[in-house]
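K.L.:
My structure file upload.cif, mmCIF, C-alpha atoms, is below:
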```cif
data_protein
#
loop_
_atom_site.group_PDB
_atom_site.id
_atom_site.type_symbol
_atom_site.label_atom_id
_atom_site.label_comp_id
_atom_site.auth_asym_id
_atom_site.auth_seq_id
_atom_site.Cartn_x
_atom_site.Cartn_y
_atom_site.Cartn_z
ATOM 1 C CA MET A 1 -76.083 132.207 -18.696
ATOM 2 C CA SER A 2 -76.018 129.337 -21.149
ATOM 3 C CA GLY A 3 -76.847 129.041 -24.813
ATOM 4 C CA GLY A 4 -74.788 132.040 -25.938
ATOM 5 C CA THR A 5 -77.072 134.605 -24.329
ATOM 6 C CA ARG A 6 -75.270 137.850 -23.498
ATOM 7 C CA LEU A 7 -75.500 139.246 -19.995
ATOM 8 C CA GLU A 8 -76.982 142.725 -19.767
ATOM 9 C CA ASN A 9 -74.430 143.683 -17.115
ATOM 10 C CA ALA A 10 -71.417 141.434 -17.712
ATOM 11 C CA ASN A 11 -69.184 143.123 -15.119
ATOM 12 C CA PRO A 12 -71.274 144.318 -12.174
ATOM 13 C CA VAL A 13 -69.754 146.178 -9.236
ATOM 14 C CA ILE A 14 -69.624 143.876 -6.218
ATOM 15 C CA PHE A 15 -70.238 145.378 -2.783
ATOM 16 C CA GLN A 16 -69.184 144.195 0.677
ATOM 17 C CA ARG A 17 -71.782 142.188 2.568
ATOM 18 C CA SER A 18 -72.886 143.683 5.862
ATOM 19 C CA GLY A 19 -72.217 141.794 9.061
ATOM 20 C CA GLU A 20 -74.577 139.237 10.515
ATOM 21 C CA ARG A 21 -77.182 140.448 12.971
ATOM 22 C CA LEU A 22 -76.256 139.725 16.573
ATOM 23 C CA LEU A 23 -79.095 137.975 18.372
ATOM 24 C CA THR A 24 -79.811 138.599 22.021
ATOM 25 C CA ALA A 25 -81.459 136.253 24.488
ATOM 26 C CA SER A 26 -84.726 138.212 24.209
ATOM 27 C CA ASP A 27 -84.623 137.849 20.389
ATOM 28 C CA GLU A 28 -84.724 134.084 20.805
ATOM 29 C CA ASP A 29 -87.273 134.044 23.657
ATOM 30 C CA GLU A 30 -90.661 133.125 22.159
ATOM 31 C CA ASP A 31 -92.475 134.625 25.193
ATOM 32 C CA VAL A 32 -91.110 138.134 24.544
ATOM 33 C CA HIS A 33 -92.926 140.309 21.962
ATOM 34 C CA ASP A 34 -90.379 140.981 19.252
ATOM 35 C CA PRO A 35 -91.631 143.445 16.632
ATOM 36 C CA ILE A 36 -90.394 142.893 13.093
ATOM 37 C CA ASP A 37 -87.932 145.602 12.090
ATOM 38 C CA ASP A 38 -86.047 146.848 9.011
ATOM 39 C CA ARG A 39 -82.995 144.678 9.695
ATOM 40 C CA GLU A 40 -85.070 141.521 10.035
ATOM 41 C CA ILE A 41 -86.661 142.160 6.623
ATOM 42 C CA PHE A 42 -83.274 142.986 5.098
ATOM 43 C CA ASP A 43 -81.871 139.733 6.493
ATOM 44 C CA LEU A 44 -84.684 137.832 4.751
ATOM 45 C CA ILE A 45 -83.989 139.331 1.299
ATOM 46 C CA ARG A 46 -80.261 140.070 1.263
ATOM 47 C CA ALA A 47 -79.199 136.553 0.218
ATOM 48 C CA ILE A 48 -81.656 136.205 -2.686
ATOM 49 C CA ASN A 49 -79.633 135.277 -5.757
ATOM 50 C CA ASP A 50 -79.475 137.623 -8.714
ATOM 51 C CA PRO A 51 -81.064 136.017 -11.818
ATOM 52 C CA GLU A 52 -77.996 136.764 -13.998
ATOM 53 C CA HIS A 53 -75.022 136.444 -11.663
ATOM 54 C CA PRO A 54 -73.884 134.014 -8.961
ATOM 55 C CA LEU A 55 -74.128 136.848 -6.460
ATOM 56 C CA SER A 56 -76.685 137.947 -3.899
ATOM 57 C CA LEU A 57 -78.874 141.023 -4.246
ATOM 58 C CA GLU A 58 -76.937 142.517 -1.337
ATOM 59 C CA GLU A 59 -73.567 141.955 -3.029
ATOM 60 C CA LEU A 60 -74.868 143.765 -6.118
ATOM 61 C CA ASN A 61 -76.327 146.568 -3.963
ATOM 62 C CA VAL A 62 -79.771 145.859 -5.406
ATOM 63 C CA VAL A 63 -81.148 145.762 -1.844
ATOM 64 C CA GLU A 64 -79.956 147.898 1.067
ATOM 65 C CA GLN A 65 -81.206 148.055 4.629
ATOM 66 C CA VAL A 66 -81.811 151.824 4.326
ATOM 67 C CA ARG A 67 -84.386 151.089 1.580
ATOM 68 C CA VAL A 68 -86.450 148.800 3.810
ATOM 69 C CA LYS A 69 -89.260 150.336 5.868
ATOM 70 C CA VAL A 70 -91.317 148.419 8.406
ATOM 71 C CA ASN A 71 -94.219 149.541 10.551
ATOM 72 C CA ASP A 72 -94.997 146.545 12.750
ATOM 73 C CA ALA A 73 -97.906 148.318 14.443
ATOM 74 C CA GLU A 74 -99.569 149.082 11.077
ATOM 75 C CA ASN A 75 -98.550 145.731 9.523
ATOM 76 C CA THR A 76 -96.718 147.256 6.562
ATOM 77 C CA VAL A 77 -93.425 146.429 4.879
ATOM 78 C CA GLY A 78 -91.959 148.505 2.063
ATOM 79 C CA VAL A 79 -88.885 147.552 0.045
ATOM 80 C CA GLU A 80 -87.240 149.628 -2.663
ATOM 81 C CA PHE A 81 -84.716 147.831 -4.849
ATOM 82 C CA THR A 82 -82.223 149.279 -7.306
ATOM 83 C CA PRO A 83 -81.446 147.385 -10.532
ATOM 84 C CA THR A 84 -77.724 147.286 -11.381
ATOM 85 C CA ILE A 85 -78.360 148.988 -14.724
ATOM 86 C CA PRO A 86 -81.102 151.444 -15.787
ATOM 87 C CA HIS A 87 -82.515 149.188 -18.526
ATOM 88 C CA CYS A 88 -82.479 145.959 -16.507
ATOM 89 C CA SER A 89 -84.876 143.444 -18.038
ATOM 90 C CA MET A 90 -84.675 141.323 -14.869
ATOM 91 C CA ALA A 91 -86.255 143.981 -12.641
ATOM 92 C CA THR A 92 -89.669 142.290 -12.711
ATOM 93 C CA LEU A 93 -88.167 138.942 -11.734
ATOM 94 C CA ILE A 94 -86.109 140.534 -8.943
ATOM 95 C CA GLY A 95 -89.155 142.337 -7.538
ATOM 96 C CA LEU A 96 -91.207 139.167 -7.709
ATOM 97 C CA SER A 97 -88.454 137.204 -5.949
ATOM 98 C CA ILE A 98 -88.365 139.724 -3.100
ATOM 99 C CA LYS A 99 -92.154 139.749 -2.775
ATOM 100 C CA VAL A 100 -92.434 135.943 -2.753
ATOM 101 C CA LYS A 101 -89.677 135.605 -0.158
ATOM 102 C CA LEU A 102 -91.454 138.075 2.140
ATOM 103 C CA LEU A 103 -94.900 136.542 1.591
ATOM 104 C CA ARG A 104 -93.525 133.124 2.517
ATOM 105 C CA SER A 105 -91.589 134.398 5.543
ATOM 106 C CA LEU A 106 -93.850 136.955 7.209
ATOM 107 C CA PRO A 107 -97.150 136.586 9.044
ATOM 108 C CA ALA A 108 -100.150 137.073 6.727
ATOM 109 C CA ARG A 109 -101.100 140.292 8.558
ATOM 110 C CA PHE A 110 -98.423 142.242 6.666
ATOM 111 C CA LYS A 111 -99.137 144.289 3.543
ATOM 112 C CA ILE A 112 -95.979 144.124 1.436
ATOM 113 C CA ASP A 113 -95.013 146.815 -1.087
ATOM 114 C CA VAL A 114 -92.008 146.108 -3.324
ATOM 115 C CA HIS A 115 -90.964 148.632 -5.953
ATOM 116 C CA ILE A 116 -88.003 150.004 -7.889
ATOM 117 C CA THR A 117 -86.138 152.922 -6.324
ATOM 118 C CA PRO A 118 -87.456 156.050 -8.107
ATOM 119 C CA GLY A 119 -85.156 157.347 -10.845
ATOM 120 C CA THR A 120 -83.069 154.151 -11.159
ATOM 121 C CA HIS A 121 -84.838 152.462 -14.058
ATOM 122 C CA ALA A 122 -84.775 153.746 -17.660
ATOM 123 C CA SER A 123 -88.495 154.245 -17.880
ATOM 124 C CA GLU A 124 -91.006 155.285 -15.246
ATOM 125 C CA GLU A 125 -93.620 153.434 -17.284
ATOM 126 C CA ALA A 126 -91.580 150.234 -16.992
ATOM 127 C CA GLY A 127 -91.235 150.813 -13.259
ATOM 128 C CA ASN A 128 -94.975 151.280 -12.864
ATOM 129 C CA LYS A 129 -95.639 148.214 -15.026
ATOM 130 C CA ILE A 130 -93.280 146.178 -12.854
ATOM 131 C CA LYS A 131 -95.029 147.310 -9.675
ATOM 132 C CA THR A 132 -98.421 146.482 -11.209
ATOM 133 C CA ILE A 133 -97.210 143.058 -12.340
ATOM 134 C CA ILE A 134 -95.769 142.317 -8.893
ATOM 135 C CA ALA A 135 -99.017 143.378 -7.185
ATOM 136 C CA SER A 136 -101.233 141.406 -9.565
ATOM 137 C CA GLN A 137 -99.096 138.266 -9.378
ATOM 138 C CA MET A 138 -99.063 138.237 -5.604
ATOM 139 C CA GLY A 139 -102.517 139.579 -4.758
#
```
Can I see the file as structure tokens?
P.N.:
Amino acid sequence: MSGGTRLENANPVIFQRSGERLLTASDEDEDVHDPIDDREIFDLIRAINDPEHPLSLEELNVVEQVRVKVNDAENTVGVEFTPTIPHCSMATLIGLSIKVKLLRSLPARFKIDVHITPGTHASEEAGNKIKTIIASQMG
């Protein structure tokens, strides 16, 4: 950050990136129905940059594949993300970044729910406010 602003989490723990998804011939065949799954959603959001650090959300363990839930048949996608610190002021921006990335990448038929992992933010009220802000900003 510039201008003398202090980072909230100056020394975050950096995690190992998971391997790239191996594509099969049927994955690339446009004539084969290929339902969207948890890994595909994770691959869309894992490289989003953190607003404070030159690291991805995956490298900071803010997003994990196990916290992504997809029901292709019911057109729903749910993502829980975990801020690096309990009082993270960037949580709203991170949630908005995830939601925008998914809205721009997925077919319009999907209902997308992005929220903070329960119990990982200092205030439940802040978590609910963030979810409300994300929903209202994105429709």
K.L.:
For atom CA of Arg109 of chain A and atom CA of Thr82 of chain A, quote the distance in Å rounded to one decimal.
P.N.:
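Separation of atom CA of Arg109 of chain A and atom CA of Thr82 of chain A: 26.2 Å.
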K.L.:
Using only C-alpha atoms, pick whichever of A:Pro83, A:Asn75, A:Glu20, A:Lys111 has the shortest atom-to-atom distance to Leu60 of chain A.
P.N.:
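For Leu60 of chain A, the nearest of the given residues is A:Pro83.
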K.L.:
Would you kindly translate the PyMOL selection byres ((chain A and resi 86) around 6) into the concrete residues it picks from this file, as a ChimeraX atom specification?
P.N.:
/A:85,87-88,120-122
K.L.:
In Å, rounded to a single decimal, give me how far atom CA of Arg39 of chain A is from atom CA of Lys99 of chain A.
P.N.:
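Going from atom CA of Lys99 of chain A over to atom CA of Arg39 of chain A covers 16.2 Å.
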K.L.:
Quick check on the file I pasted: which residues fall under the PyMOL selection byres ((chain A and resi 76) around 8)? Write them as a VMD selection string.
P.N.:
chain A and resid 70 to 72 74 to 75 77 to 78 110 to 113
K.L.:
Could those residues be written to a file, using C-alpha atoms, as a compact mmCIF listing (two decimals), keeping the file's coordinate frame?
P.N.:
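Below is the file that was written, result.txt:
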```txt
# COMPACT_ATOMS: atom_id res chain seq x y z
CA VAL A 70 -91.32 148.42 8.41
CA ASN A 71 -94.22 149.54 10.55
CA ASP A 72 -95.00 146.54 12.75
CA GLU A 74 -99.57 149.08 11.08
CA ASN A 75 -98.55 145.73 9.52
CA VAL A 77 -93.42 146.43 4.88
CA GLY A 78 -91.96 148.50 2.06
CA PHE A 110 -98.42 142.24 6.67
CA LYS A 111 -99.14 144.29 3.54
CA ILE A 112 -95.98 144.12 1.44
CA ASP A 113 -95.01 146.82 -1.09
```
K.L.:
Write out as a list in words each polymer residue whose atoms come within 9 Å of Asp50 of chain A, counting only C-alpha atoms; drop sequence neighbours fewer than 6 positions from it.
P.N.:
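The neighbour list is Ser56, Leu57, Leu60, Val62, Met90 and Ile94 of chain A.
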K.L.:
Which is closer to Arg46 of chain A than all the others in A:Leu93, A:Val66, A:Leu103, A:Ile98, using all atoms listed in the file?
P.N.:
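The closest residue to Arg46 of chain A is A:Ile98.
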K.L.:
Could you check the closest approach to Glu40 of chain A for each of A:Thr84, A:Gln65, A:Thr92, A:Thr117 and tell me which residue wins, using only C-alpha atoms?
P.N.:
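Ranked by minimum distance to Glu40 of chain A, first place goes to A:Gln65.
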K.L.:
Which residue is closest to Phe42 of chain A? Choose from A:Leu96, A:Ala91, A:Ala73, A:Leu102 and count all atoms listed in the file.
P.N.:
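With all atoms listed in the file as the atom set, the closest residue is A:Leu102.
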K.L.:
Around all the atoms of segment 61-74 of chain A listed in the file, draw an axis-aligned box and extend it by 5 Å on each of the six sides; I want its centre and edge lengths in Å to one decimal, as AutoDock Vina command-line options.
P.N.:
```
--center_x -87.9 --center_y 148.8 --center_z 4.5 --size_x 33.2 --size_y 16.1 --size_z 29.8
```
K.L.:
Can you measure atom CA of Val79 of chain A to atom CA of His33 of chain A for me? One decimal in Å is fine.
P.N.:
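Computed distance, atom CA of Val79 of chain A to atom CA of His33 of chain A, equals 23.4 Å.
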K.L.:
Please write as a ChimeraX atom specification the full residue list that the PyMOL selection byres ((chain A and resi 80) around 6) yields on this file.
P.N.:
/A:67,79,81,114-117
K.L.:
Taking into account all atoms listed in the file, which residue in the set A:Val32, A:Gly119, A:Asp43, A:Val100 is nearest to Glu58 of chain A?
P.N.:
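Using all atoms listed in the file, the shortest distance to Glu58 of chain A belongs to A:Asp43.
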K.L.:
Go through A:Pro118, A:Asn61, A:Lys69, A:Leu55 and flag the residue nearest Ile41 of chain A, using all atoms listed in the file for the distances.
P.N.:
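Answer, going by the shortest atom-to-atom distance: A:Lys69.
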